[in-house]
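Engineer: If it helps, the file is called work_18.cif and holds mmCIF, C-alpha atoms:
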data_protein
loop_
_atom_site.label_atom_id
_atom_site.label_comp_id
_atom_site.auth_asym_id
_atom_site.auth_seq_id
_atom_site.Cartn_x
_atom_site.Cartn_y
_atom_site.Cartn_z
CA MET A 1 14.44 -26.76 -1.96
CA GLN A 2 10.79 -25.66 -2.00
CA LEU A 3 10.30 -27.00 1.53
CA ALA A 4 13.37 -25.06 2.73
CA ALA A 5 12.06 -21.86 1.10
CA ALA A 6 8.66 -22.37 2.73
CA ALA A 7 10.32 -22.89 6.13
CA ASP A 8 12.36 -19.70 5.69
CA ARG A 9 9.19 -17.75 4.82
CA ALA A 10 7.39 -19.12 7.88
CA GLU A 11 10.32 -18.16 10.11
CA SER A 12 10.43 -14.65 8.61
CA THR A 13 6.66 -14.27 9.09
CA ASP A 14 6.87 -15.35 12.73
CA ALA A 15 9.67 -12.85 13.37
CA SER A 16 7.68 -10.05 11.73
CA VAL A 17 4.57 -10.84 13.76
CA GLU A 18 6.63 -10.75 16.96
CA ARG A 19 8.21 -7.40 15.98
CA GLN A 20 4.72 -5.96 15.52
CA ALA A 21 3.53 -7.39 18.84
CA GLU A 22 6.59 -6.00 20.64
CA ALA A 23 6.02 -2.52 19.19
CA ALA A 24 2.34 -2.70 20.15
CA ARG A 25 3.22 -3.59 23.75
CA ALA A 26 5.68 -0.71 23.96
CA LEU A 27 3.01 1.74 22.78
CA ALA A 28 0.17 0.15 24.79
CA LEU A 29 -1.78 -0.34 21.57
CA PRO A 30 -3.24 -3.46 19.96
CA PRO A 31 -1.57 -4.54 16.69
CA ARG A 32 -4.82 -3.68 14.90
CA PHE A 33 -7.11 -0.87 16.01
CA GLN A 34 -9.51 1.88 14.92
CA ASP A 35 -10.08 5.51 15.83
CA ARG A 36 -13.53 6.90 16.54
CA MET A 37 -15.46 9.55 14.64
CA PRO A 38 -17.57 12.20 16.42
CA ASP A 39 -20.76 10.20 15.76
CA GLY A 40 -19.24 7.13 17.42
CA THR A 41 -18.59 5.20 14.22
CA ALA A 42 -15.19 3.64 13.62
CA SER A 43 -12.59 4.97 11.22
CA PRO A 44 -10.88 2.58 8.74
CA GLU A 45 -9.13 -0.29 10.50
CA LEU A 46 -5.41 0.20 11.09
CA ALA A 47 -2.42 -2.09 11.47
CA LEU A 48 0.55 -1.05 13.57
CA ILE A 49 3.82 -1.01 11.59
CA PRO A 50 6.86 -1.43 13.87
CA PRO A 51 10.04 0.64 13.64
CA GLY A 52 13.00 -0.94 11.89
CA GLY A 53 14.69 -0.96 8.52
CA PHE A 54 14.77 -2.68 5.16
CA TRP A 55 16.41 -2.61 1.75
CA MET A 56 14.16 -0.67 -0.60
CA GLY A 57 14.08 -1.58 -4.28
CA SER A 58 14.07 -4.74 -6.36
CA ARG A 59 16.61 -7.53 -6.26
CA ALA A 60 18.72 -8.16 -9.36
CA GLY A 61 16.98 -10.52 -11.76
CA GLU A 62 13.41 -9.99 -10.53
CA HIS A 63 10.94 -10.56 -13.37
CA GLY A 64 9.51 -7.24 -14.48
CA ALA A 65 12.03 -5.13 -12.54
CA ARG A 66 12.87 -1.73 -14.02
CA ALA A 67 15.69 0.78 -13.68
CA SER A 68 13.36 3.04 -11.68
CA GLU A 69 13.46 0.44 -8.86
CA GLN A 70 17.22 0.88 -8.42
CA PRO A 71 19.56 1.35 -6.69
CA ARG A 72 18.60 -0.73 -3.69
CA HIS A 73 19.23 1.33 -0.59
CA GLU A 74 18.75 1.09 3.14
CA VAL A 75 15.78 2.84 4.74
CA ARG A 76 15.26 3.26 8.47
CA PHE A 77 12.15 3.98 10.53
CA THR A 78 12.88 5.25 14.01
CA ARG A 79 9.21 5.39 15.01
CA ALA A 80 6.23 3.09 14.57
CA PHE A 81 3.32 4.21 12.42
CA ALA A 82 -0.04 2.75 11.48
CA MET A 83 -1.49 2.08 8.04
CA THR A 84 -5.02 1.30 6.94
CA ARG A 85 -5.29 -2.46 6.53
CA GLY A 86 -6.80 -2.05 3.09
CA ALA A 87 -7.40 0.63 0.51
CA ILE A 88 -10.05 3.17 1.49
CA ARG A 89 -13.46 1.71 0.66
CA ARG A 90 -16.20 3.40 -1.36
CA ARG A 91 -18.46 3.59 1.70
CA GLU A 92 -15.71 5.25 3.74
CA TYR A 93 -15.02 7.83 1.05
CA LEU A 94 -18.74 8.43 0.44
CA ALA A 95 -19.15 9.38 4.12
CA PHE A 96 -16.60 12.14 3.47
CA LEU A 97 -18.52 13.29 0.38
CA HIS A 98 -21.82 13.37 2.27
CA ALA A 99 -20.22 15.53 4.99
CA THR A 100 -18.48 17.98 2.67
CA GLU A 101 -18.84 19.76 -0.63
CA HIS A 102 -15.86 18.00 -2.15
CA ARG A 103 -15.93 17.13 -5.86
CA ARG A 104 -17.89 13.97 -6.60
CA PRO A 105 -16.01 11.30 -8.58
CA ARG A 106 -17.16 10.13 -11.98
CA PRO A 107 -19.79 7.40 -11.45
CA TYR A 108 -19.35 3.86 -12.72
CA SER A 109 -21.38 0.65 -12.67
CA TRP A 110 -19.33 -0.83 -9.79
CA THR A 111 -21.41 0.27 -6.81
CA ASN A 112 -20.36 -2.28 -4.17
CA PRO A 113 -19.66 -0.16 -1.05
CA GLU A 114 -16.90 -2.59 0.00
CA PHE A 115 -14.89 -2.08 -3.20
CA PRO A 116 -11.84 0.19 -2.98
CA MET A 117 -12.59 3.79 -3.87
CA PHE A 118 -11.60 4.49 -7.48
CA ASN A 119 -11.86 7.42 -9.89
CA VAL A 120 -10.16 9.65 -7.31
CA SER A 121 -6.96 11.67 -7.67
CA ALA A 122 -4.05 12.16 -5.28
CA ASN A 123 -5.52 15.55 -4.42
CA ASP A 124 -8.87 13.90 -3.59
CA ALA A 125 -7.06 11.37 -1.40
CA GLU A 126 -5.30 14.15 0.50
CA ALA A 127 -8.60 15.99 1.00
CA TYR A 128 -10.09 12.80 2.48
CA ALA A 129 -7.05 12.37 4.74
CA ALA A 130 -7.40 15.96 5.99
CA TRP A 131 -11.10 15.41 6.74
CA LEU A 132 -10.41 12.12 8.54
CA SER A 133 -7.71 13.84 10.61
CA GLU A 134 -10.19 16.53 11.60
CA GLN A 135 -12.84 13.95 12.52
CA THR A 136 -10.58 11.75 14.65
CA GLY A 137 -8.11 14.26 16.08
CA GLN A 138 -5.27 12.14 14.67
CA THR A 139 -2.93 12.76 11.73
CA TYR A 140 -3.79 10.82 8.59
CA ARG A 141 -1.93 11.23 5.29
CA LEU A 142 -0.79 9.39 2.20
CA PRO A 143 2.21 7.13 2.86
CA THR A 144 5.66 7.83 1.54
CA GLU A 145 6.92 5.32 -1.00
CA ALA A 146 9.29 3.91 1.61
CA GLU A 147 6.52 3.51 4.19
CA TRP A 148 4.35 1.77 1.61
CA GLU A 149 7.02 -0.72 0.52
CA TYR A 150 8.23 -1.42 4.07
CA ALA A 151 4.68 -2.11 5.25
CA ALA A 152 3.83 -4.20 2.17
CA ARG A 153 6.92 -6.39 2.53
CA ALA A 154 6.34 -6.92 6.27
CA GLY A 155 9.81 -8.38 6.61
CA SER A 156 9.86 -10.24 3.29
CA ASP A 157 12.70 -9.75 0.80
CA GLN A 158 10.97 -11.69 -1.99
CA MET A 159 8.97 -10.46 -4.96
CA PHE A 160 5.68 -10.63 -3.05
CA CYS A 161 4.95 -10.79 0.65
CA PHE A 162 3.79 -14.37 -0.05
CA GLY A 163 7.05 -15.42 -1.76
CA ASP A 164 8.34 -15.32 -5.33
CA ARG A 165 5.20 -16.87 -6.79
CA ILE A 166 1.57 -16.08 -6.15
CA ARG A 167 -1.78 -17.83 -6.43
CA ARG A 168 -5.03 -16.45 -7.71
CA GLU A 169 -6.60 -16.66 -4.25
CA GLN A 170 -3.83 -14.39 -2.88
CA VAL A 171 -3.63 -11.59 -5.47
CA ASN A 172 -6.22 -10.02 -7.77
CA CYS A 173 -4.20 -9.29 -10.92
CA ALA A 174 -4.44 -10.06 -14.64
CA GLY A 175 -2.29 -13.21 -14.42
CA GLY A 176 0.97 -14.08 -16.16
CA LEU A 177 4.49 -15.18 -15.30
CA HIS A 178 5.08 -15.88 -11.59
CA CYS A 179 1.42 -16.73 -11.18
CA THR A 180 0.70 -20.43 -10.64
CA ARG A 181 -1.80 -20.28 -13.50
CA GLY A 182 1.09 -19.57 -15.92
CA TRP A 183 0.48 -17.15 -18.77
CA PHE A 184 -3.28 -17.59 -18.77
CA LEU A 185 -5.32 -14.48 -18.04
CA CYS A 186 -6.73 -15.48 -14.68
CA GLY A 187 -7.92 -12.15 -13.30
CA LEU A 188 -11.50 -11.06 -12.66
CA GLY A 189 -11.29 -7.85 -14.69
CA ARG A 190 -12.47 -5.82 -11.70
CA PRO A 191 -11.53 -5.13 -8.08
CA VAL A 192 -12.51 -7.35 -5.17
CA GLU A 193 -13.86 -6.21 -1.82
CA VAL A 194 -11.31 -4.60 0.48
CA MET A 195 -9.75 -7.02 2.98
CA SER A 196 -11.22 -10.06 1.24
CA LEU A 197 -7.80 -11.50 0.31
CA PRO A 198 -5.17 -12.90 2.74
CA PRO A 199 -3.15 -10.37 4.79
CA ASN A 200 0.61 -10.09 5.01
CA ALA A 201 2.46 -10.64 8.30
CA TRP A 202 1.46 -7.20 9.60
CA GLY A 203 -2.20 -7.51 8.66
CA LEU A 204 -2.30 -5.49 5.43
CA CYS A 205 -4.54 -6.86 2.68
CA GLU A 206 -4.34 -6.43 -1.11
CA VAL A 207 -0.89 -4.83 -1.12
CA HIS A 208 -0.40 -6.72 -4.40
CA GLY A 209 -2.98 -6.08 -7.11
CA ASN A 210 -6.60 -4.90 -6.78
CA VAL A 211 -5.88 -1.15 -7.16
CA GLN A 212 -2.73 0.90 -7.59
CA GLU A 213 -2.21 3.16 -4.58
CA PHE A 214 -1.03 6.76 -4.49
CA THR A 215 1.91 7.83 -2.33
CA GLN A 216 3.16 11.28 -1.30
CA ASP A 217 6.35 10.99 -3.33
CA HIS A 218 7.03 12.79 -6.56
CA TRP A 219 8.02 10.44 -9.35
CA SER A 220 11.72 9.83 -9.98
CA GLU A 221 13.40 7.77 -12.71
CA SER A 222 15.60 6.12 -10.07
CA TYR A 223 16.13 6.28 -6.32
CA PRO A 224 18.55 8.74 -4.75
CA GLY A 225 21.58 6.90 -3.41
CA GLY A 226 22.42 6.31 0.24
CA ALA A 227 20.46 5.46 3.37
CA ARG A 228 17.50 7.63 4.33
CA GLN A 229 14.65 8.07 6.78
CA GLY A 230 11.50 6.44 5.48
CA ASP A 231 8.98 9.05 6.60
CA ARG A 232 10.49 11.74 4.38
CA PRO A 233 8.85 11.87 0.94
CA HIS A 234 10.87 12.49 -2.21
CA ARG A 235 10.37 15.98 -3.60
CA SER A 236 11.53 16.59 -7.16
CA LEU A 237 13.13 19.73 -8.60
CA ASN A 238 11.93 18.64 -12.03
CA ALA A 239 8.79 20.64 -12.91
CA LYS A 240 7.29 17.71 -14.82
CA HIS A 241 7.95 15.20 -12.05
CA ARG A 242 6.41 17.46 -9.40
CA LYS A 243 3.01 16.76 -11.01
CA LEU A 244 3.59 12.99 -11.04
CA ARG A 245 3.09 10.73 -8.03
CA ALA A 246 4.65 7.33 -7.51
CA VAL A 247 1.96 4.66 -7.23
CA ARG A 248 2.44 1.22 -5.71
CA GLY A 249 1.02 -2.28 -5.66
CA GLY A 250 -0.27 -2.83 -9.18
CA SER A 251 -3.93 -3.60 -9.82
CA TRP A 252 -6.56 -5.99 -11.17
CA PHE A 253 -5.59 -4.71 -14.63
CA ASP A 254 -1.85 -5.46 -14.31
CA PRO A 255 0.33 -8.59 -14.67
CA PRO A 256 2.08 -10.00 -11.58
CA GLY A 257 5.36 -8.25 -12.43
CA ALA A 258 3.67 -4.89 -11.91
CA CYS A 259 2.27 -6.02 -8.55
CA ARG A 260 5.59 -6.89 -6.86
CA SER A 261 6.57 -5.24 -3.57
CA GLY A 262 9.30 -3.25 -5.36
CA SER A 263 7.27 -2.27 -8.41
CA ARG A 264 6.46 1.42 -8.93
CA ALA A 265 4.87 3.55 -11.62
CA PRO A 266 4.06 7.24 -12.26
CA ARG A 267 0.52 8.67 -12.33
CA HIS A 268 -0.45 12.35 -12.58
CA GLU A 269 -1.64 13.86 -9.30
CA ASN A 270 -4.94 14.87 -10.95
CA GLU A 271 -5.40 11.54 -12.75
CA PHE A 272 -8.24 9.21 -11.85
CA ASP A 273 -8.97 5.72 -13.10
CA LEU A 274 -10.86 2.49 -12.41
CA ASN A 275 -7.69 0.78 -11.15
CA LEU A 276 -6.33 3.62 -9.00
CA GLY A 277 -7.05 4.13 -5.30
CA PHE A 278 -5.23 4.78 -2.02
CA ARG A 279 -4.61 3.74 1.56
CA LEU A 280 -3.44 6.01 4.39
CA VAL A 281 -0.84 6.25 7.13
CA ARG A 282 -1.91 7.32 10.60
CA GLU A 283 0.95 8.85 12.56
CA ILE A 284 1.62 7.65 16.11
CA SER A 285 3.05 9.79 18.88
CA SER A 286 5.59 7.88 20.95
#
Can I see the file as structure tokens?
Structural biologist:
Amino acid sequence: MQLAAAADRAESTDASVERQAEAARALALPPRFQDRMPDGTASPELALIPPGGFWMGSRAGEHGARASEQPRHEVRFTRAFAMTRGAIRRREYLAFLHATEHRRPRPYSWTNPEFPMFNVSANDAEAYAAWLSEQTGQTYRLPTEAEWEYAARAGSDQMFCFGDRIRREQVNCAGGLHCTRGWFLCGLGRPVEVMSLPPNAWGLCEVHGNVQEFTQDHWSESYPGGARQGDRPHRSLNAKHRKLRAVRGGSWFDPPGACRSGSRAPRHENEFDLNLGFRLVREISS
């Protein structure tokens, strides 16, 4: 049974890789690429995400699943987009701070420039995206929830892009059920360097664990029913929810159940924390 499941995962991965390659050929772009800044330096590395569709939300019976991850619904993407392969690094964000008068984040003892940027809010992330757009002449922004989950799954319908169980060398989380170390706390208690853990089929790293990642979407207690276009963020009429953003991916602080592809949680748009960061979408003109 385990061998059959592994074979199915390998077949799904191969199909996803080919979908990405086909989309890249159609757009005359490599599957992974970078834009250039005015000084000639490279912007954060991007992975091309092909058009297509998926079922958003958690399957019945997933460990740790919540009502907010239901109902499962179909989401379509009519156009390809790109996403940063990892969360935005400290060194990448610090370049923005050095070039602008934007608010400096609260300092902390973690000074590794390759760590994901932390202690930044959704508003800070959007300011960085606007600056990066200006520098490159391209459109960068926070992903929608649907874009984030579609890209993180990369064709997988299981709890994680690696399957229904994870290993410590794949995901930086606090350990627990569905981790091969059992209930032991096996995490590091801190982030790891961006893109230091294995990628999914489309080349995205640390989509599970490391840091929670902001999206554009306002928080909702459940998904709206029916199929929808994935590049349209959810906007709430609830005054309280308009200040809350849906975050994805879990973090080094969280158990595996909070790091699943379908897992989601609310954070205030002005909130900052040691386990909260972001990655960006870069729009592609067809």
Engineer: Determine the residue membership of the PyMOL selection byres ((chain A and resi 70) around 10) for the file above and supply it as an MDAnalysis selection string.
Structural biologist: chainID A and resid 56:60 65:69 71:73 221:225 262
Engineer: With only C-alpha atoms as the basis for distance, which of A:Thr13, A:Ser261, A:Asn112, A:Gln216 is at the shortest distance from Arg90 in chain A?
Structural biologist: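 Residue with the minimum atom-to-atom distance to Arg90 in chain A: A:Asn112.
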Engineer: As a PyMOL selection string, please: the residues near range 125-132 of chain A (cut-off 9 Å, all atoms listed in the file, same-chain neighbours under 3 positions excluded).
Structural biologist: chain A and resi 37+43+93+96-97+100+102+120-122+135-142+214+277-280
Engineer: With all atoms listed in the file as the basis for distance, which of A:Gln170, A:Gln34, A:Ser285, A:Ser156 is at the shortest distance from Pro198 in chain A?
Structural biologist: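 The closest residue to Pro198 in chain A is A:Gln170.
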Engineer: From the options A:Asn270, A:Asn172, A:Gln229, A:Thr215, which residue's atoms come nearest to Trp252 in chain A, counting all atoms listed in the file?
Structural biologist: A:Asn172
Engineer: So that I can check the surroundings of Arg245 in chain A, please list as a PyMOL selection string every protein, DNA and RNA residue that reaches within 7 Å of it, counting all atoms listed in the file and ignoring chain neighbours fewer than 4 positions away.
Structural biologist: chain A and resi 214-219+266-269
Engineer: Would you work out the distance separating CA of Ala154 in chain A from CA of Ile166 in chain A, expressed in Å to one decimal?
Structural biologist: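 Between CA of Ala154 in chain A and CA of Ile166 in chain A the gap works out to 16.2 Å.
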Engineer: Between CA of Glu114 in chain A and CA of Pro191 in chain A, what is the distance in Å, rounded to a tenth?
Structural biologist: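 Spanning CA of Glu114 in chain A to CA of Pro191 in chain A is a straight-line distance of 10.0 Å.
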Engineer: Compile the contact shell of Arg91 in chain A as a PyMOL selection string: residues with an atom at most 12 Å away, counting all atoms listed in the file, same-chain residues fewer than 2 positions apart removed.
Structural biologist: chain A and resi 43-44+87-89+93-98+111-118+193-194
Engineer: Could you make a table, as CSV, of the residues of range 224-284 of chain A that have an atom within 12 Å of an atom of range 161-165 of chain A, each with its nearest atom pair and distance in Å to one decimal, counting only C-alpha atoms, in chain and number order?
Structural biologist:
residue,atom,partner,partner_atom,distance
A:Gly249,CA,A:Cys161,CA,11.3
A:Pro256,CA,A:Arg165,CA,8.9
A:Gly257,CA,A:Arg165,CA,10.3
A:Cys259,CA,A:Cys161,CA,10.7
A:Arg260,CA,A:Cys161,CA,8.5
A:Ser261,CA,A:Cys161,CA,7.2
A:Gly262,CA,A:Cys161,CA,10.6
Engineer: Next, the residues of the selection above should be written as a PDB file, in the coordinates of the input with C-alpha atoms.
Structural biologist:
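The resulting part.pdb:
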ATOM      1  CA  GLY A 249       1.020  -2.280  -5.660  1.00  0.00           C
ATOM      2  CA  PRO A 256       2.080 -10.000 -11.580  1.00  0.00           C
ATOM      3  CA  GLY A 257       5.360  -8.250 -12.430  1.00  0.00           C
ATOM      4  CA  CYS A 259       2.270  -6.020  -8.550  1.00  0.00           C
ATOM      5  CA  ARG A 260       5.590  -6.890  -6.860  1.00  0.00           C
ATOM      6  CA  SER A 261       6.570  -5.240  -3.570  1.00  0.00           C
ATOM      7  CA  GLY A 262       9.300  -3.250  -5.360  1.00  0.00           C
TER       8      GLY A 262
END
Engineer: One decimal, Å: what's the distance from CA of Arg76 in chain A over to CA of Glu149 in chain A, could you say?
Structural biologist: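 Distance between the two atoms: 12.1 Å.
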Engineer: The PyMOL selection byres ((chain A and resi 32) around 9) - which residues does that actually catch in the file I just gave you? List them as a ChimeraX atom specification.
Structural biologist: /A:24,29-31,33-34,45-48,82,85,202-203
Engineer: Taking all atoms listed in the file into account, which of A:Glu206, A:Asp14, A:Glu271, A:Glu283 comes nearest Ser251 in chain A?
Structural biologist: A:Glu206
Engineer: With the file shown as input, list the residues that the PyMOL selection byres ((chain A and resi 205) around 6) selects, as a PyMOL selection string.
Structural biologist: chain A and resi 85-86+195+199+204+206-207
Engineer: Let me make sure I understand: among A:Asp231, A:Glu213, A:Glu101, A:Glu169, which one has the smallest atom-to-atom distance to Asp273 in chain A if we use all atoms listed in the file?
Structural biologist: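 So, comparing all the options, the nearest one is A:Glu213.
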Engineer: Kindly indicate which residue among A:Gly250, A:Leu197, A:Leu276, A:Glu62 lies nearest to Arg264 in chain A, using only C-alpha atoms for the distances.
Structural biologist: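 Residue with the minimum atom-to-atom distance to Arg264 in chain A: A:Gly250.
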